[in-house]
Structures are given as structure tokens and as C-alpha cells.
>>> print(open('my_file_30.tsv').read())   # TSV, C-alpha atoms
chain	number	residue	atom	x	y	z
A	1	MET	CA	-11.40	-5.07	26.08
A	2	LYS	CA	-7.64	-4.79	25.69
A	3	CYS	CA	-5.99	-3.57	22.51
A	4	VAL	CA	-4.94	-6.58	20.44
A	5	ASN	CA	-1.81	-4.81	19.21
A	6	CYS	CA	-0.12	-3.60	22.41
A	7	GLU	CA	-2.19	-5.85	24.70
A	8	LYS	CA	-1.97	-3.19	27.41
A	9	ALA	CA	-4.26	-0.20	26.80
A	10	GLU	CA	-8.03	-0.35	26.54
A	11	ALA	CA	-9.42	-0.61	23.01
A	12	ALA	CA	-11.43	2.38	21.83
A	13	ALA	CA	-13.02	0.58	18.87
A	14	ALA	CA	-13.57	-3.08	18.04
A	15	TRP	CA	-14.44	-4.99	14.87
A	16	ASP	CA	-15.33	-8.49	13.74
A	17	SER	CA	-12.41	-10.77	12.99
A	18	LEU	CA	-11.25	-14.32	12.51
A	19	ALA	CA	-8.53	-14.88	15.10
A	20	PHE	CA	-5.41	-17.01	14.70
A	21	GLU	CA	-2.82	-18.31	17.13
A	22	ARG	CA	0.78	-18.49	15.93
A	23	ARG	CA	3.62	-20.40	17.52
A	24	LYS	CA	7.24	-20.82	16.50
A	25	GLU	CA	9.03	-24.03	17.43
A	26	TRP	CA	12.64	-24.43	16.35
A	27	GLN	CA	12.67	-23.48	12.66
A	28	SER	CA	8.98	-24.04	12.05
A	29	VAL	CA	5.98	-21.73	12.45
A	30	TYR	CA	2.57	-23.14	13.30
A	31	GLU	CA	-0.65	-21.22	12.89
A	32	TRP	CA	-4.26	-22.19	13.48
A	33	ALA	CA	-7.62	-20.45	13.62
A	34	THR	CA	-9.35	-20.15	16.98
A	35	GLY	CA	-12.61	-18.73	15.62
A	36	TYR	CA	-14.60	-15.52	15.62
A	37	GLU	CA	-13.42	-12.72	17.89
A	38	LYS	CA	-14.32	-9.12	18.47
A	39	ALA	CA	-10.94	-7.40	18.36
A	40	GLY	CA	-10.04	-3.77	18.91
A	41	LEU	CA	-7.26	-1.20	19.00
A	42	CYS	CA	-6.42	1.51	21.50
A	43	PRO	CA	-6.23	5.13	20.23
A	44	GLY	CA	-2.43	5.09	20.17
A	45	CYS	CA	-2.08	1.87	18.19
A	46	ARG	CA	-4.90	2.83	15.86
A	47	ALA	CA	-3.26	6.19	15.11
A	48	ARG	CA	0.15	4.61	14.47
A	49	LEU	CA	-1.19	1.84	12.24
A	50	ALA	CA	-3.44	4.30	10.40
A	51	ARG	CA	-0.53	6.64	9.70
A	52	GLU	CA	1.56	3.75	8.37
A	53	ASN	CA	-1.31	2.51	6.18
A	54	ALA	CA	-2.96	5.78	5.12
A	55	ALA	CA	-3.15	4.74	1.46
A	56	MET	CA	-5.08	1.63	2.48
A	57	LEU	CA	-7.62	3.60	4.53
A	58	PHE	CA	-8.14	6.40	2.00
A	59	PRO	CA	-7.51	4.71	-1.36
A	60	LYS	CA	-9.43	7.29	-3.44
A	61	ALA	CA	-7.51	10.23	-1.95
A	62	HIS	CA	-4.23	8.41	-2.41
A	63	ARG	CA	-5.08	7.51	-6.00
A	64	GLY	CA	-6.05	11.13	-6.73
A	65	LEU	CA	-2.80	12.37	-5.21
A	66	TRP	CA	-0.81	9.85	-7.22
A	67	ILE	CA	-2.59	10.77	-10.47
A	68	ALA	CA	-2.06	14.51	-9.92
A	69	ALA	CA	1.66	14.06	-9.30
A	70	ASN	CA	2.01	11.67	-12.24
A	71	VAL	CA	0.18	14.01	-14.64
A	72	LEU	CA	2.40	16.94	-13.66
A	73	GLY	CA	5.46	14.75	-14.06
A	74	GLY	CA	4.20	13.49	-17.41
A	75	VAL	CA	3.63	17.01	-18.75
A	76	GLY	CA	7.07	17.99	-17.48
A	77	ALA	CA	8.58	15.00	-19.26
A	78	VAL	CA	6.92	16.00	-22.56
A	79	LEU	CA	8.30	19.53	-22.23
A	80	ALA	CA	11.75	18.15	-21.50
A	81	VAL	CA	11.55	16.08	-24.70
A	82	LEU	CA	10.53	19.20	-26.64
A	83	ASP	CA	13.64	20.95	-25.31
A	84	PHE	CA	15.47	18.95	-27.99
A	85	PHE	CA	14.45	21.67	-30.45
A	86	TYR	CA	16.30	24.20	-28.28
A	87	GLY	CA	19.46	22.16	-28.61
A	88	SER	CA	19.43	20.37	-25.25
A	89	LYS	CA	19.88	16.66	-25.88
A	90	ASN	CA	20.39	16.07	-22.17
A	91	SER	CA	16.92	17.43	-21.41
A	92	THR	CA	15.52	15.13	-24.06
A	93	ILE	CA	17.12	12.08	-22.47
A	94	ILE	CA	15.77	13.14	-19.07
A	95	GLY	CA	12.32	13.71	-20.54
A	96	VAL	CA	12.18	10.39	-22.39
A	97	ALA	CA	13.29	8.47	-19.31
A	98	LEU	CA	10.75	10.16	-17.01
A	99	LEU	CA	7.94	10.03	-19.58
A	100	LEU	CA	8.40	6.28	-20.05
A	101	ALA	CA	8.60	5.81	-16.27
A	102	SER	CA	5.40	7.83	-15.86
A	103	LEU	CA	3.58	5.82	-18.53
A	104	LEU	CA	4.70	2.52	-17.02
A	105	LEU	CA	3.61	3.56	-13.53
A	106	GLY	CA	0.28	4.74	-14.90
A	107	TYR	CA	-0.22	1.42	-16.67
A	108	MET	CA	0.58	-0.52	-13.49
A	109	LYS	CA	-1.82	1.64	-11.48
A	110	TRP	CA	-4.53	1.08	-14.08
A	111	LYS	CA	-3.94	-2.66	-13.92
A	112	ASP	CA	-3.68	-2.50	-10.12
A	113	ASP	CA	-0.34	-4.27	-10.35
A	114	GLY	CA	2.46	-2.78	-8.30
A	115	ASP	CA	4.91	-5.67	-8.65
A	116	GLY	CA	6.76	-7.46	-11.42
A	117	PRO	CA	9.45	-6.58	-13.99
A	118	LEU	CA	7.70	-3.37	-15.09
A	119	LEU	CA	8.30	-1.89	-11.66
A	120	GLY	CA	12.03	-2.53	-11.98
A	121	VAL	CA	12.12	-0.92	-15.43
A	122	SER	CA	10.18	2.14	-14.26
A	123	VAL	CA	12.44	2.58	-11.21
A	124	PHE	CA	15.53	2.39	-13.46
A	125	LEU	CA	14.11	4.97	-15.87
A	126	PHE	CA	13.10	7.22	-12.98
A	127	ALA	CA	16.63	6.97	-11.56
A	128	VAL	CA	18.10	7.94	-14.94
A	129	GLY	CA	15.83	10.98	-15.10
A	130	VAL	CA	16.58	12.12	-11.57
A	131	TYR	CA	20.31	11.68	-12.13
A	132	GLY	CA	20.05	13.84	-15.25
A	133	ILE	CA	18.16	16.58	-13.39
A	134	VAL	CA	20.65	16.64	-10.52
A	135	ARG	CA	23.59	16.75	-12.92
A	136	THR	CA	21.95	19.57	-14.89
A	137	LEU	CA	21.49	21.65	-11.76
A	138	LEU	CA	25.05	21.03	-10.55
A	139	PHE	CA	27.06	21.50	-13.75
A	140	ALA	CA	27.16	24.82	-15.64
A	141	ASP	CA	27.73	23.30	-19.10
A	142	TRP	CA	24.51	21.27	-18.79
A	143	ARG	CA	22.58	24.25	-17.40
A	144	GLN	CA	23.61	26.49	-20.30
A	145	ALA	CA	22.17	24.02	-22.82
A	146	VAL	CA	18.72	23.97	-21.22
A	147	GLY	CA	16.00	25.95	-22.99
A	148	VAL	CA	12.78	27.46	-21.68
A	149	PRO	CA	10.76	24.21	-22.00
A	150	GLY	CA	13.50	22.38	-20.09
A	151	TRP	CA	13.35	24.78	-17.13
A	152	ILE	CA	9.54	24.65	-17.10
A	153	SER	CA	9.72	20.86	-17.12
A	154	MET	CA	12.04	20.85	-14.10
A	155	ALA	CA	9.68	23.18	-12.25
A	156	LEU	CA	6.85	20.73	-12.97
A	157	PHE	CA	8.97	17.82	-11.75
A	158	LEU	CA	9.60	19.70	-8.52
A	159	ALA	CA	5.90	20.53	-8.17
A	160	ALA	CA	4.96	16.87	-8.72
A	161	ALA	CA	7.44	15.71	-6.08
A	162	LEU	CA	6.24	18.33	-3.57
A	163	ILE	CA	2.57	17.50	-4.19
A	164	TYR	CA	3.18	13.81	-3.66
A	165	TRP	CA	5.36	14.33	-0.58
A	166	ALA	CA	3.22	17.02	1.08
A	167	GLY	CA	-0.02	15.32	0.09
A	168	GLY	CA	1.22	12.02	1.47
A	169	ALA	CA	2.13	13.69	4.78
A	170	LEU	CA	-1.30	15.32	5.01
A	171	LEU	CA	-2.99	12.02	4.17
A	172	LYS	CA	-1.07	10.27	6.96
A	173	GLY	CA	-2.12	12.98	9.41
A	174	ARG	CA	-5.73	12.68	8.30
A	175	ALA	CA	-5.66	8.90	8.66
A	176	ALA	CA	-4.23	9.13	12.17
A	177	LYS	CA	-6.90	11.59	13.34
A	178	THR	CA	-9.97	10.63	11.30
A	179	GLU	CA	-11.98	7.44	11.48
A	180	SER	CA	-12.55	5.60	8.22
A	181	ALA	CA	-15.02	2.93	7.14
A	182	LEU	CA	-11.95	0.84	6.36
A	183	ASP	CA	-10.53	1.07	9.89
A	184	PRO	CA	-11.23	-2.66	10.51
A	185	LEU	CA	-8.45	-3.41	8.02
A	186	LEU	CA	-5.96	-2.14	10.60
A	187	LEU	CA	-6.53	-5.38	12.50
A	188	GLY	CA	-4.78	-7.16	9.65
A	189	LYS	CA	-1.74	-4.94	10.16
A	190	ALA	CA	-1.53	-5.58	13.90
A	191	GLN	CA	1.08	-8.22	14.68
A	192	PRO	CA	1.12	-8.96	18.40
A	193	GLU	CA	3.27	-11.84	19.59
A	194	GLY	CA	1.56	-15.14	18.80
A	195	HIS	CA	-1.65	-13.67	17.32
A	196	ARG	CA	-3.06	-12.62	13.96
A	197	TYR	CA	-6.47	-11.15	13.15
A	198	VAL	CA	-8.31	-11.24	9.83
A	199	PRO	CA	-10.79	-8.32	9.61
A	200	LEU	CA	-14.30	-9.29	8.55
A	201	GLY	CA	-16.86	-6.87	7.14
A	202	GLU	CA	-18.84	-5.68	4.16
A	203	SER	CA	-16.82	-4.34	1.20
A	204	LEU	CA	-13.48	-4.55	2.97
A	205	TYR	CA	-11.79	-6.46	0.14
A	206	LYS	CA	-12.45	-5.82	-3.52
A	207	ASN	CA	-10.50	-8.89	-4.63
A	208	LYS	CA	-8.04	-11.54	-3.52
A	209	LYS	CA	-5.04	-9.30	-4.09
A	210	ALA	CA	-6.48	-6.67	-1.76
A	211	PHE	CA	-7.06	-9.36	0.86
A	212	LEU	CA	-3.47	-10.60	0.63
A	213	GLU	CA	-2.11	-7.05	0.90
A	214	VAL	CA	-3.89	-6.59	4.24
A	215	ASN	CA	-3.46	-9.93	5.95
A	216	SER	CA	-0.20	-11.66	6.82
A	217	LEU	CA	-1.07	-15.26	7.57
A	218	LEU	CA	0.88	-18.31	6.50
A	219	ASP	CA	0.35	-18.94	2.79
A	220	LYS	CA	-1.99	-21.90	3.10
A	221	ASN	CA	-4.16	-20.07	5.62
A	222	GLU	CA	-4.36	-16.92	3.49
A	223	GLU	CA	-5.66	-18.93	0.55
A	224	LYS	CA	-8.06	-20.96	2.65
A	225	VAL	CA	-9.59	-18.00	4.52
A	226	TYR	CA	-10.13	-16.04	1.34
A	227	ASP	CA	-11.54	-18.95	-0.68
A	228	GLU	CA	-13.78	-20.32	2.08
A	229	PHE	CA	-14.93	-17.19	3.90
A	230	ILE	CA	-14.32	-13.98	1.95
A	231	ALA	CA	-15.00	-14.96	-1.67
A	232	THR	CA	-18.11	-16.96	-0.74
A	233	GLY	CA	-19.53	-14.42	1.73
A	234	LYS	CA	-19.52	-17.13	4.40
A	235	TRP	CA	-17.90	-14.67	6.80
A	236	ASN	CA	-21.42	-13.34	7.48
A	237	GLU	CA	-22.41	-16.71	8.89
A	238	LEU	CA	-19.26	-16.80	11.00
A	239	VAL	CA	-20.05	-13.38	12.51
A	240	ASN	CA	-23.70	-14.16	13.18
A	241	HIS	CA	-23.30	-17.78	14.27
A	242	PRO	CA	-19.72	-18.34	15.45
A	243	GLU	CA	-20.80	-21.34	17.53
A	244	GLN	CA	-21.51	-23.30	14.35
A	245	PHE	CA	-17.88	-23.27	13.24
A	246	ARG	CA	-15.01	-25.45	14.41
A	247	PHE	CA	-11.44	-24.57	13.56
A	248	LEU	CA	-9.23	-27.59	14.04
A	249	SER	CA	-7.17	-27.94	10.90
A	250	MET	CA	-7.02	-24.52	9.24
>>> encode(input="my_file_30.tsv", output="C-alpha cells")
Amino acid sequence: MKCVNCEKAEAAAAWDSLAFERRKEWQSVYEWATGYEKAGLCPGCRARLARENAAMLFPKAHRGLWIAANVLGGVGAVLAVLDFFYGSKNSTIIGVALLLASLLLGYMKWKDDGDGPLLGVSVFLFAVGVYGIVRTLLFADWRQAVGVPGWISMALFLAAALIYWAGGALLKGRAAKTESALDPLLLGKAQPEGHRYVPLGESLYKNKKAFLEVNSLLDKNEEKVYDEFIATGKWNELVNHPEQFRFLSM
């Protein structure tokens, strides 16, 4: 079996999927299901796709890493706010901005909502905080006004950034080298010319949003596949009895 991503090397692992053909004619894109297919990835493509989608394969580790960095940043932000009592208003502004950004990001993570206007607000507040930190480190008059809590807060900000960056790099390395129960989801990230694959399996998608984050079909097909096969559990029938299904209009 050839790898469905590069279509050259031999696949090392294969999973159940609903296969689609995709064609582009002039300014229009046409896509239709061809039915059940066992599809696989070669070691090289699997490693690359896994590295790019490490958070998807190891969601608990990624969430733990994110929480640890956010908690450190939040504590640092509180200390920066307290630096107001040492006479550093600049530290207070930095702390307020980063604390609000941290709380907003935490709220979005809790709601499992990474999009929308709150993301824009949190990014703006984060940018204000980072700008303040950089300016404090570069200009002597700002540095002289910083008290002990302010310096501790900056150390915590640095620790949070390093934890998230280093932890993310380690997680990507782990994903590339270690098999995961969620490896079938990598099929949804493969985008060979003219083909798309929807991974099928137990507990691969916790909800519709998770399904849409993995698969990149045309809008009408995404909705139809999820509503007809994933949400209803009908994908089991497709895997066990593919001959019973006809895909003419999907």
C-alpha cells in the first residue's frame, strides 16, 4: 500500500477512512465521496504530519503545558500589579494587561473556543504587556522604577515563555517518534493532489468542532459526513459493510 500523502513510499500504518476525490475546473472545485478505503502513511509523512499536529495527537500533554505556562504568567502578572506599591506604574500596566490576557485565554481554553473577538482582545493585551517588558529592559529610567515584585514577575514571564516553547518542541519530537491512539487523525491532515481522507474510528472526535478542525472538505461535505456518519455512529456500518453504501451525490 502506497502512502496517501506522498503517493510514493510504502505506508507503514493504515487506518479506516472515507475517501474523497477532488477536482478543480476553472474557478470551481468539485468533491465527491468514493467510499470506504484503508489509507496509510509512510514513516516520513507520518513523522512530518505528527510534528506539525502534535497538539492534536497529545491533547492532554498540550493542555497541561499550556496551563502550566499560563499559571506562571498569571502569577507573574499579579506580582507586576503589586509592584504599584513600590512606585512602578509601568509594571502595573504590564501586569494588568498580561493578567487580563491570561484570564481571557484561560476562559477560551475552558470553553474550548480559540476563535472570535476575545482572541483579538487577548492578543492586543498580550502585545501591550510584551511591549512594556521590552521597553523596561531597554530603558534605564523604566528599569530604575521596577521593584522586587516587578523583577520576580518578569522572571516568571520568562519561565512561562521558556516552558511553553521548550515543552512545545519536546512535544513535537515525541509526536514524530511515538505512535498515538489518535494517529488516524493524521489522514485528515494529508492533502495529496485530488484526494481527501476522513479518518474513521472510535473516540476520534469528541464533538463537531473537533471534527471540523481535523478534516478539510468542502463545507457541505464536512457537515454531511459529520451529521450522517460521525454523530450517528453510522461510520461503524461503513467500515464493516462498505459494499452497502453508494456515494453518488455527497
>>> atom_distance(input="my_file_30.tsv", atom1="atom CA of A:Cys6", atom2="atom CA of A:Pro43")
10.9 Å
>>> closest_residue(input="my_file_30.tsv", among="A:Gly120, A:Gly147, A:Pro199, A:Gly40", to="A:Asn90", atoms="all atoms listed in the file")
A:Gly147
>>> atom_distance(input="my_file_30.tsv", atom1="atom CA of A:Lys209", atom2="atom CA of A:Gly194")
24.5 Å
>>> closest_residue(input="my_file_30.tsv", among="A:Arg51, A:Lys38, A:Lys2, A:Lys89", to="A:Pro242", atoms="all atoms listed in the file")
A:Lys38
>>> residues_near_point(input="my_file_30.tsv", point="(-19.0, -17.3, 10.8)", cutoff="6 Å", atoms="all atoms listed in the file", output="list in words")
Trp235, Asn236, Glu237, Leu238, Val239, His241 and Pro242 of chain A
>>> closest_residue(input="my_file_30.tsv", among="A:Glu222, A:Asp16, A:Glu243, A:Asp141", to="A:Leu185", atoms="only C-alpha atoms")
A:Asp16
>>> atom_distance(input="my_file_30.tsv", atom1="atom CA of A:Val130", atom2="atom CA of A:Pro59")
27.2 Å
>>> residues_around(input="my_file_30.tsv", residues="A:Ile163", least_positions_apart="6", cutoff="12 Å", atoms="only C-alpha atoms", output="JSON, numbers by chain")
{"A": [62, 64, 65, 66, 67, 68, 69, 70, 71, 72, 73, 156, 157, 169, 170, 171]}
>>> write_last_selection(input="my_file_30.tsv", atoms="C-alpha atoms", output="PDB file, in the coordinates of the input")
ATOM      1  CA  HIS A  62      -4.230   8.410  -2.410  1.00  0.00           C
ATOM      2  CA  GLY A  64      -6.050  11.130  -6.730  1.00  0.00           C
ATOM      3  CA  LEU A  65      -2.800  12.370  -5.210  1.00  0.00           C
ATOM      4  CA  TRP A  66      -0.810   9.850  -7.220  1.00  0.00           C
ATOM      5  CA  ILE A  67      -2.590  10.770 -10.470  1.00  0.00           C
ATOM      6  CA  ALA A  68      -2.060  14.510  -9.920  1.00  0.00           C
ATOM      7  CA  ALA A  69       1.660  14.060  -9.300  1.00  0.00           C
ATOM      8  CA  ASN A  70       2.010  11.670 -12.240  1.00  0.00           C
ATOM      9  CA  VAL A  71       0.180  14.010 -14.640  1.00  0.00           C
ATOM     10  CA  LEU A  72       2.400  16.940 -13.660  1.00  0.00           C
ATOM     11  CA  GLY A  73       5.460  14.750 -14.060  1.00  0.00           C
ATOM     12  CA  LEU A 156       6.850  20.730 -12.970  1.00  0.00           C
ATOM     13  CA  PHE A 157       8.970  17.820 -11.750  1.00  0.00           C
ATOM     14  CA  ALA A 169       2.130  13.690   4.780  1.00  0.00           C
ATOM     15  CA  LEU A 170      -1.300  15.320   5.010  1.00  0.00           C
ATOM     16  CA  LEU A 171      -2.990  12.020   4.170  1.00  0.00           C
TER      17      LEU A 171
END
>>> closest_residue(input="my_file_30.tsv", among="A:Phe20, A:Leu186, A:Thr136, A:Leu41", to="A:Glu213", atoms="only C-alpha atoms")
A:Leu186
>>> closest_residue(input="my_file_30.tsv", among="A:Val29, A:Ala9, A:Pro149, A:Gly35", to="A:Val225", atoms="all atoms listed in the file")
A:Gly35
>>> closest_residue(input="my_file_30.tsv", among="A:Val198, A:Val146, A:Ile152, A:Val4", to="A:Arg46", atoms="only C-alpha atoms")
A:Val4
>>> build_atoms(input="my_file_30.tsv", residues="stretch 73-89 of chain A", atoms="N, CA, C and O atoms", output="compact mmCIF listing (two decimals), in the frame of the given file")
# COMPACT_ATOMS: atom_id res chain seq x y z
N GLY A 73 4.18 15.30 -13.63
CA GLY A 73 5.46 14.75 -14.06
C GLY A 73 5.45 14.39 -15.53
O GLY A 73 6.44 14.59 -16.25
N GLY A 74 4.31 13.86 -16.01
CA GLY A 74 4.20 13.49 -17.41
C GLY A 74 4.28 14.70 -18.33
O GLY A 74 4.96 14.68 -19.37
N VAL A 75 3.59 15.78 -17.96
CA VAL A 75 3.63 17.01 -18.75
C VAL A 75 5.06 17.58 -18.74
O VAL A 75 5.58 18.03 -19.77
N GLY A 76 5.68 17.53 -17.57
CA GLY A 76 7.07 17.99 -17.48
C GLY A 76 7.99 17.18 -18.37
O GLY A 76 8.89 17.72 -19.03
N ALA A 77 7.75 15.87 -18.43
CA ALA A 77 8.58 15.00 -19.26
C ALA A 77 8.41 15.34 -20.74
O ALA A 77 9.38 15.36 -21.51
N VAL A 78 7.18 15.63 -21.16
CA VAL A 78 6.92 16.00 -22.56
C VAL A 78 7.66 17.30 -22.90
O VAL A 78 8.29 17.42 -23.97
N LEU A 79 7.61 18.27 -22.00
CA LEU A 79 8.30 19.53 -22.23
C LEU A 79 9.81 19.33 -22.30
O LEU A 79 10.50 19.98 -23.09
N ALA A 80 10.32 18.43 -21.47
CA ALA A 80 11.75 18.15 -21.50
C ALA A 80 12.15 17.53 -22.85
O ALA A 80 13.21 17.84 -23.39
N VAL A 81 11.28 16.67 -23.37
CA VAL A 81 11.55 16.08 -24.70
C VAL A 81 11.56 17.18 -25.77
O VAL A 81 12.41 17.20 -26.66
N LEU A 82 10.61 18.11 -25.67
CA LEU A 82 10.53 19.20 -26.64
C LEU A 82 11.74 20.12 -26.57
O LEU A 82 12.03 20.85 -27.53
N ASP A 83 12.45 20.10 -25.45
CA ASP A 83 13.64 20.95 -25.31
C ASP A 83 14.73 20.54 -26.30
O ASP A 83 15.71 21.26 -26.48
N PHE A 84 14.54 19.39 -26.95
CA PHE A 84 15.47 18.95 -27.99
C PHE A 84 15.58 20.01 -29.09
O PHE A 84 16.66 20.25 -29.65
N PHE A 85 14.45 20.67 -29.38
CA PHE A 85 14.45 21.67 -30.45
C PHE A 85 15.19 22.95 -30.04
O PHE A 85 15.45 23.81 -30.88
N TYR A 86 15.51 23.06 -28.76
CA TYR A 86 16.30 24.20 -28.28
C TYR A 86 17.77 23.82 -28.16
O TYR A 86 18.57 24.59 -27.67
N GLY A 87 18.08 22.61 -28.59
CA GLY A 87 19.46 22.16 -28.61
C GLY A 87 19.93 21.40 -27.40
O GLY A 87 21.11 21.08 -27.28
N SER A 88 19.02 21.08 -26.45
CA SER A 88 19.43 20.37 -25.25
C SER A 88 19.11 18.88 -25.35
O SER A 88 18.00 18.44 -25.08
N LYS A 89 20.08 18.11 -25.79
CA LYS A 89 19.88 16.66 -25.88
C LYS A 89 19.77 16.02 -24.49
O LYS A 89 19.09 15.01 -24.32
